[in-house]
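Below: upload28.txt (compact mmCIF, C-alpha atoms)
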```txt
# COMPACT_ATOMS: atom_id res chain seq x y z
CA MET A 276 19.49 7.92 -2.43
CA MET A 277 22.16 10.63 -2.09
CA MET A 278 22.81 9.56 1.50
CA ILE A 279 23.11 5.90 0.50
CA GLU A 280 25.54 6.69 -2.30
CA ALA A 281 27.61 9.16 -0.25
CA ALA A 282 27.88 6.92 2.80
CA GLY A 283 28.65 3.89 0.70
CA LEU A 284 26.25 1.83 2.78
CA GLY A 285 26.70 -1.76 1.75
CA GLY A 286 30.15 -1.20 0.23
CA PRO A 287 31.04 -2.67 -3.17
CA ARG A 288 27.91 -4.82 -3.24
CA LEU A 289 25.69 -1.74 -3.23
CA ILE A 290 27.69 -0.12 -6.03
CA ALA A 291 27.50 -3.34 -8.04
CA LEU A 292 23.73 -3.30 -7.60
CA VAL A 293 23.02 0.41 -8.07
CA LEU A 294 25.12 1.05 -11.18
CA PRO A 295 23.49 -1.57 -13.46
CA CYS A 296 20.03 -0.54 -12.25
CA LEU A 297 20.79 3.13 -12.85
CA LEU A 298 22.19 2.44 -16.31
CA ALA A 299 19.24 0.20 -17.21
CA SER A 300 16.81 2.92 -16.10
CA GLY A 301 18.54 5.50 -18.28
CA VAL A 302 18.59 3.26 -21.34
CA GLY A 303 15.04 2.07 -20.75
CA ALA A 304 13.79 5.65 -20.51
CA LEU A 305 14.67 6.11 -24.20
CA VAL A 306 11.75 3.84 -25.05
CA PHE A 307 9.38 6.51 -23.73
CA THR A 308 11.27 9.74 -24.43
CA GLY A 309 12.35 8.80 -27.94
CA PHE A 310 15.78 8.78 -29.52
CA GLY A 311 16.70 10.95 -32.47
CA HIS A 312 14.09 10.41 -35.19
CA TRP A 313 12.46 7.57 -33.26
CA THR A 314 9.24 8.52 -31.55
CA GLY A 315 8.89 7.48 -27.93
CA LEU A 316 5.97 5.50 -26.61
CA SER A 317 3.22 7.30 -24.75
CA ILE A 318 2.88 6.42 -21.08
CA GLY A 319 0.86 7.81 -18.19
CA ALA A 320 2.82 9.94 -15.75
CA LEU A 321 3.29 8.76 -12.17
CA SER A 322 1.22 11.59 -10.76
CA LEU A 323 -2.36 12.33 -9.87
CA PRO A 324 -4.21 14.45 -12.46
CA ARG A 325 -5.50 16.88 -9.85
CA VAL A 326 -4.83 17.16 -6.11
CA PRO A 327 -6.01 19.59 -3.41
CA GLU A 328 -3.81 22.64 -2.98
CA SER A 329 -1.39 22.31 -0.11
CA GLY A 330 -0.29 25.14 2.16
CA VAL A 331 2.47 25.64 4.69
CA PRO A 332 2.35 22.88 7.34
CA ASP A 333 0.86 23.81 10.71
CA PRO A 334 0.67 22.04 14.10
CA GLY A 335 -2.69 20.46 13.31
CA ASP A 336 -1.21 18.60 10.35
CA PHE A 337 1.24 16.77 12.60
CA LEU A 338 -1.05 16.40 15.62
CA TRP A 339 -3.52 14.50 13.45
CA GLY A 340 -1.09 13.20 10.83
CA VAL A 341 1.05 11.12 13.19
CA PRO A 342 -1.82 9.12 14.76
CA LEU A 343 -3.38 8.82 11.31
CA ALA A 344 -0.15 7.24 10.06
CA VAL A 345 -0.27 4.78 12.95
CA VAL A 346 -3.84 3.74 12.09
CA ILE A 347 -3.03 3.42 8.39
CA ALA A 348 0.01 1.27 9.15
CA VAL A 349 -2.04 -1.07 11.36
CA VAL A 350 -4.74 -1.43 8.68
CA CYS A 351 -2.24 -2.09 5.87
CA VAL A 352 -0.24 -4.61 7.91
CA ALA A 353 -3.50 -6.33 8.85
CA GLY A 354 -4.33 -6.64 5.15
CA GLN A 355 -0.94 -8.21 4.47
CA ALA A 356 -1.37 -10.57 7.42
CA LEU A 357 -4.74 -11.64 6.02
CA GLY A 358 -3.00 -12.34 2.72
CA ARG A 359 -0.48 -14.64 4.40
CA ARG A 360 -3.25 -16.54 6.17
CA VAL A 361 -5.19 -16.90 2.92
CA LYS A 362 -2.07 -18.16 1.16
CA ALA A 363 -1.60 -20.79 3.86
CA PHE A 364 -5.27 -21.73 3.38
CA THR A 365 -5.03 -22.08 -0.41
CA THR A 366 -1.54 -23.50 -0.98
CA GLY A 367 -0.58 -24.66 2.50
CA ASP A 368 2.18 -23.80 4.93
CA PRO A 369 5.16 -26.21 4.77
CA ASP A 370 6.07 -25.32 8.36
CA GLY A 371 2.51 -25.55 9.64
CA PRO A 372 0.86 -28.39 11.55
CA ARG A 373 -1.52 -29.36 8.76
CA PRO A 374 -0.56 -31.19 5.54
CA VAL A 375 -0.23 -29.20 2.32
CA PRO A 376 -3.54 -29.38 0.39
CA THR A 377 -3.75 -31.27 -2.85
CA ALA A 378 -3.93 -29.46 -6.19
CA ARG A 379 -7.68 -30.12 -6.34
CA ARG A 380 -8.24 -28.60 -2.91
CA THR A 381 -6.06 -25.62 -3.81
CA ALA A 382 -8.17 -24.99 -6.93
CA VAL A 383 -11.41 -25.23 -4.96
CA ARG A 384 -10.13 -22.93 -2.23
CA THR A 385 -8.91 -20.42 -4.80
CA VAL A 386 -12.38 -20.31 -6.35
CA LEU A 387 -13.86 -19.75 -2.89
CA CYS A 388 -11.45 -16.86 -2.36
CA ALA A 389 -12.50 -15.35 -5.69
CA ILE A 390 -16.13 -15.54 -4.59
CA ALA A 391 -15.19 -13.86 -1.30
CA VAL A 392 -13.51 -11.00 -3.17
CA GLY A 393 -16.62 -10.62 -5.30
CA ALA A 394 -18.71 -10.51 -2.14
CA CYS A 395 -16.54 -7.66 -0.82
CA LEU A 396 -17.11 -5.69 -4.00
CA ALA A 397 -20.83 -6.37 -3.90
CA ALA A 398 -20.99 -5.33 -0.24
CA TYR A 399 -19.28 -2.04 -1.07
CA ALA A 400 -21.77 -1.34 -3.87
CA LEU A 401 -24.77 -2.22 -1.69
CA LEU A 402 -23.56 -0.21 1.29
CA THR A 403 -22.68 2.93 -0.64
CA GLY A 404 -24.77 2.83 -3.81
CA ARG A 405 -21.58 3.49 -5.78
CA SER A 406 -19.86 1.47 -8.49
CA PRO A 407 -18.09 -1.70 -7.29
CA GLU A 408 -15.30 -0.81 -9.69
CA GLU A 409 -14.08 1.74 -7.14
CA ALA A 410 -13.09 -1.10 -4.80
CA ALA A 411 -11.80 -3.38 -7.56
CA LEU A 412 -8.69 -3.46 -9.74
CA SER A 413 -5.42 -1.95 -8.51
CA GLY A 414 -6.90 1.28 -7.21
CA GLN A 415 -5.01 3.73 -9.43
CA ALA A 416 -8.13 4.98 -11.22
CA THR A 417 -10.07 5.32 -7.96
CA LEU A 418 -7.12 7.09 -6.35
CA GLY A 419 -7.13 9.68 -9.11
CA ALA A 420 -10.86 10.28 -8.77
CA LEU A 421 -10.59 10.53 -4.99
CA ALA A 422 -7.71 13.02 -5.10
CA ALA A 423 -9.44 15.13 -7.75
CA ASP A 424 -12.65 15.61 -5.75
CA PRO A 425 -12.49 14.30 -2.16
CA ALA A 426 -15.62 16.27 -1.21
CA ALA A 427 -17.69 14.08 -3.52
CA TRP A 428 -17.06 11.09 -1.24
CA PRO A 429 -19.18 10.80 1.92
CA ILE A 430 -17.27 9.67 5.00
CA GLY A 431 -19.39 6.51 5.16
CA ALA A 432 -18.43 5.62 1.59
CA LEU A 433 -14.75 6.18 2.36
CA LEU A 434 -14.88 3.94 5.43
CA ALA A 435 -16.76 1.27 3.47
CA LEU A 436 -14.10 1.51 0.77
CA VAL A 437 -11.35 1.03 3.36
CA LEU A 438 -13.06 -2.00 4.89
CA CYS A 439 -14.09 -3.75 1.68
CA LYS A 440 -10.87 -2.93 -0.15
CA THR A 441 -8.68 -4.12 2.73
CA VAL A 442 -10.49 -7.43 3.06
CA GLY A 443 -10.66 -8.00 -0.69
CA TRP A 444 -7.03 -6.97 -1.15
CA GLY A 445 -5.87 -9.31 1.61
CA ILE A 446 -7.76 -12.24 0.13
CA ALA A 447 -6.41 -11.49 -3.36
CA LEU A 448 -2.85 -11.25 -2.05
CA GLY A 449 -2.98 -14.80 -0.79
CA SER A 450 -4.93 -16.50 -3.56
CA LEU A 451 -5.38 -14.44 -6.70
CA ARG A 452 -3.52 -11.73 -8.55
CA GLY A 453 -3.15 -8.96 -5.99
CA GLY A 454 -0.80 -5.98 -6.28
CA PRO A 455 0.97 -5.18 -3.01
CA ILE A 456 1.39 -1.41 -3.31
CA PHE A 457 -1.27 0.66 -5.07
CA PRO A 458 -4.28 -1.01 -3.41
CA ALA A 459 -2.69 -0.17 -0.06
CA ILE A 460 -2.02 3.40 -1.18
CA LEU A 461 -5.69 3.74 -2.09
CA ILE A 462 -6.62 2.46 1.37
CA GLY A 463 -4.32 5.02 2.98
CA ALA A 464 -5.65 7.85 0.83
CA ALA A 465 -9.25 6.89 1.63
CA LEU A 466 -8.52 6.82 5.36
CA GLY A 467 -6.81 10.19 5.07
CA ALA A 468 -9.74 11.69 3.17
CA ALA A 469 -12.16 10.31 5.76
CA CYS A 470 -10.18 12.06 8.53
CA ALA A 471 -9.82 15.34 6.61
CA PRO A 472 -12.80 17.03 8.38
CA LEU A 473 -11.03 16.74 11.74
CA PRO A 474 -10.40 20.22 13.18
CA GLY A 475 -7.02 21.54 12.13
CA LEU A 476 -6.25 18.89 9.54
CA GLY A 477 -7.68 19.54 6.07
CA THR A 478 -7.91 17.58 2.85
CA ALA A 479 -4.46 18.19 1.38
CA PRO A 480 -2.37 17.18 4.44
CA ALA A 481 -4.67 14.23 5.18
CA LEU A 482 -4.26 12.94 1.64
CA ALA A 483 -0.49 13.44 1.77
CA ALA A 484 -0.23 11.58 5.06
CA GLY A 485 -2.32 8.72 3.70
CA LEU A 486 -0.16 8.33 0.60
CA ALA A 487 3.17 8.32 2.45
CA ALA A 488 2.07 6.23 5.43
CA SER A 489 0.44 3.45 3.43
CA GLY A 490 3.41 3.16 1.08
CA ALA A 491 5.91 2.94 3.93
CA ALA A 492 3.80 0.41 5.82
CA VAL A 493 3.50 -2.09 2.96
CA THR A 494 6.88 -1.66 1.23
CA ARG A 495 8.95 -1.20 4.41
CA LEU A 496 10.91 1.40 2.42
CA PRO A 497 10.23 4.83 3.97
CA VAL A 498 12.54 6.77 1.63
CA THR A 499 11.08 5.20 -1.49
CA SER A 500 7.56 5.73 -0.15
CA THR A 501 8.25 9.41 0.47
CA VAL A 502 9.54 9.80 -3.09
CA LEU A 503 6.51 7.93 -4.48
CA ALA A 504 4.08 10.12 -2.52
CA ALA A 505 5.91 13.25 -3.69
CA ALA A 506 5.70 12.04 -7.30
CA LEU A 507 1.96 11.45 -6.95
CA LEU A 508 1.38 14.90 -5.44
CA GLY A 509 3.36 16.63 -8.16
CA GLY A 510 3.62 20.38 -7.68
CA GLN A 511 1.97 20.23 -4.26
CA ALA A 512 4.71 18.00 -2.83
CA ALA A 513 7.10 20.79 -1.82
CA ASP A 514 4.98 22.17 1.01
CA ALA A 515 3.83 18.69 2.04
CA MET A 516 7.34 17.20 2.20
CA PRO A 517 7.86 17.59 6.00
CA LEU A 518 4.56 15.82 6.66
CA LEU A 519 5.35 13.14 4.07
CA ILE A 520 8.64 12.34 5.79
CA VAL A 521 7.24 12.29 9.33
CA THR A 522 4.24 10.13 8.46
CA ALA A 523 6.33 7.72 6.37
CA VAL A 524 8.74 7.18 9.27
CA THR A 525 5.88 6.84 11.75
CA ALA A 526 4.10 4.25 9.60
CA PHE A 527 7.33 2.34 9.00
CA VAL A 528 8.10 2.10 12.71
CA THR A 529 4.51 1.18 13.54
CA GLY A 530 4.45 -1.51 10.88
CA GLU A 531 7.68 -3.06 12.16
CA LEU A 532 6.38 -3.04 15.74
CA VAL A 533 3.13 -4.71 14.70
CA ARG A 534 4.95 -7.35 12.65
CA GLY A 535 7.39 -8.02 15.48
CA ARG A 536 4.56 -8.46 17.96
CA SER A 537 2.72 -10.75 15.56
CA ARG A 538 5.83 -12.93 15.13
CA ARG A 539 6.22 -13.24 18.89
CA VAL A 540 2.57 -14.13 19.38
CA HIS A 541 2.57 -16.82 16.69
CA ALA A 542 6.05 -18.16 17.39
CA PRO A 543 5.93 -21.85 18.40
CA PRO A 544 7.11 -22.62 21.93
CA GLY A 545 10.74 -23.65 22.10
CA GLY A 546 11.38 -22.68 18.48
CA GLY A 547 9.78 -25.87 17.14
CA ARG A 548 6.80 -26.39 14.90
CA PRO A 549 3.63 -24.44 15.71
CA ALA A 550 1.20 -26.15 18.02
CA PRO A 551 -1.97 -27.46 16.34
CA ALA A 552 -4.87 -25.04 16.41
CA ASP A 553 -7.90 -25.86 18.51
```
Please rewrite the model in this file as structure tokens.
Amino acid sequence: MMMIEAAGLGGPRLIALVLPCLLASGVGALVFTGFGHWTGLSIGALSLPRVPESGVPDPGDFLWGVPLAVVIAVVCVAGQALGRRVKAFTTGDPDGPRPVPTARRTAVRTVLCAIAVGACLAAYALLTGRSPEEAALSGQATLGALAADPAAWPIGALLALVLCKTVGWGIALGSLRGGPIFPAILIGAALGAACAPLPGLGTAPALAAGLAASGAAVTRLPVTSTVLAAALLGGQAADAMPLLIVTAVTAFVTGELVRGRSRRVHAPPGGGRPAPAD
């Protein structure tokens, strides 16, 4: 944010946007901090209750962290792509070859998507013997439990969580109420925790890489994602900051490459309407 403000990127338009937002944030914070004799409202902090202790970065963190960020970016972008396909299935694509479904068909297809999400949760519970709630909701509660005790999660359970959560999240994005950020961050953290036993990596750097990479991949805002990951890590963020930055940039670049390739593959010939599917 300092670089954006100092460079004046965007000129007067950026200033006109940043100043009201900054002022609104300051005034809005009084609701939670209190003002004079008024008591502020209680709110949960944007941080994990307990995270593994982080040490000074070493070569293993980056040797494993960079490819891990690539994998996380591909998985998160795939989940978003599934969401777009599901949205086209439920509400239609105005630019697509098929007619937009009627309201009745949209309702029926939405119910089918809800059943599919439930099937993902049931599959996770059956495969792991754990609570389906871990793969449901926004993922914030599960993220806290995972960061507090990653050793309590078998690798198989983590991989099942990634698979079922990604599919369920993608379906929910396109048909139901699906948050775009924290479910993806949980997916990245679970992938990171699953890769933590790799030689030379460790739990703390793997978790940090997962948080930063997943946020950058889905938001396409690497700076914001780095700040969000640092806020979640709390006091452990200082030593992890170099890895957070590198993995966020890696995931951002990977995500843009995957999206660009997907657009080229699905682009209609000659710039016209897409050809009908077989």
request  = Kindly give the distance, in Å, that separates atom CA of A:Ala492 and atom CA of A:Leu434, rounded to a single decimal.
outcome  =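 Interatomic distance here is 19.0 Å.
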message = When you count only C-alpha atoms, which of these residues is closest to A:Thr499: A:Gly367, A:Leu519, A:Asp424, A:Thr308?
response = A:Leu519
task = Compile the contact shell of stretch 441-454 of chain A as a ChimeraX atom specification: residues with an atom at most 9 Å away, counting all atoms listed in the file, same-chain residues fewer than 2 positions apart removed.
result = /A:350-351,353-366,384-386,388-389,391-396,410-413,436-439,456-459,462
At most 9 Å from (-2.6, 24.2, 2.8), file frame, all atoms listed in the file: which residues, as an mmCIF file with C-alpha atoms, in the frame of the given file?
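Output (out.cif):
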```cif
data_model
loop_
_atom_site.group_PDB
_atom_site.id
_atom_site.type_symbol
_atom_site.label_atom_id
_atom_site.label_comp_id
_atom_site.auth_asym_id
_atom_site.auth_seq_id
_atom_site.Cartn_x
_atom_site.Cartn_y
_atom_site.Cartn_z
ATOM 1 C CA PRO A 327 -6.010 19.590 -3.410
ATOM 2 C CA GLU A 328 -3.810 22.640 -2.980
ATOM 3 C CA SER A 329 -1.390 22.310 -0.110
ATOM 4 C CA GLY A 330 -0.290 25.140 2.160
ATOM 5 C CA VAL A 331 2.470 25.640 4.690
ATOM 6 C CA PRO A 332 2.350 22.880 7.340
ATOM 7 C CA ASP A 333 0.860 23.810 10.710
ATOM 8 C CA GLY A 477 -7.680 19.540 6.070
ATOM 9 C CA THR A 478 -7.910 17.580 2.850
ATOM 10 C CA ALA A 479 -4.460 18.190 1.380
ATOM 11 C CA PRO A 480 -2.370 17.180 4.440
ATOM 12 C CA ASP A 514 4.980 22.170 1.010
ATOM 13 C CA ALA A 515 3.830 18.690 2.040
#
```
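Distance check against A:Thr529 using all atoms listed in the file: of A:Pro374, A:Pro342, A:Pro425, A:Pro474, the minimum falls on A:Pro342.
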request  = Just give me the gap between atom CA of A:Leu476 and atom CA of A:Thr417 in Å, one decimal is fine.
outcome  =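 Here the two named atoms are 22.5 Å from each other.
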request  = May I ask for the distance between atom CA of A:Val502 and atom CA of A:Ile290, given in Å to one decimal place?
outcome  = 20.9 Å
task = Identify which of the residues A:Gly475, A:Gly530, A:Pro334, A:Gly467 lies closest to A:Val493, counting only C-alpha atoms when measuring atom-to-atom distances.
result = A:Gly530
query = Of the candidates A:Arg539, A:Leu496, A:Gly490, A:Val521, which one gets nearest to A:Ile347 if we count only C-alpha atoms?
reply =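 When distances to A:Ile347 are compared using only C-alpha atoms, the smallest one comes from A:Gly490.
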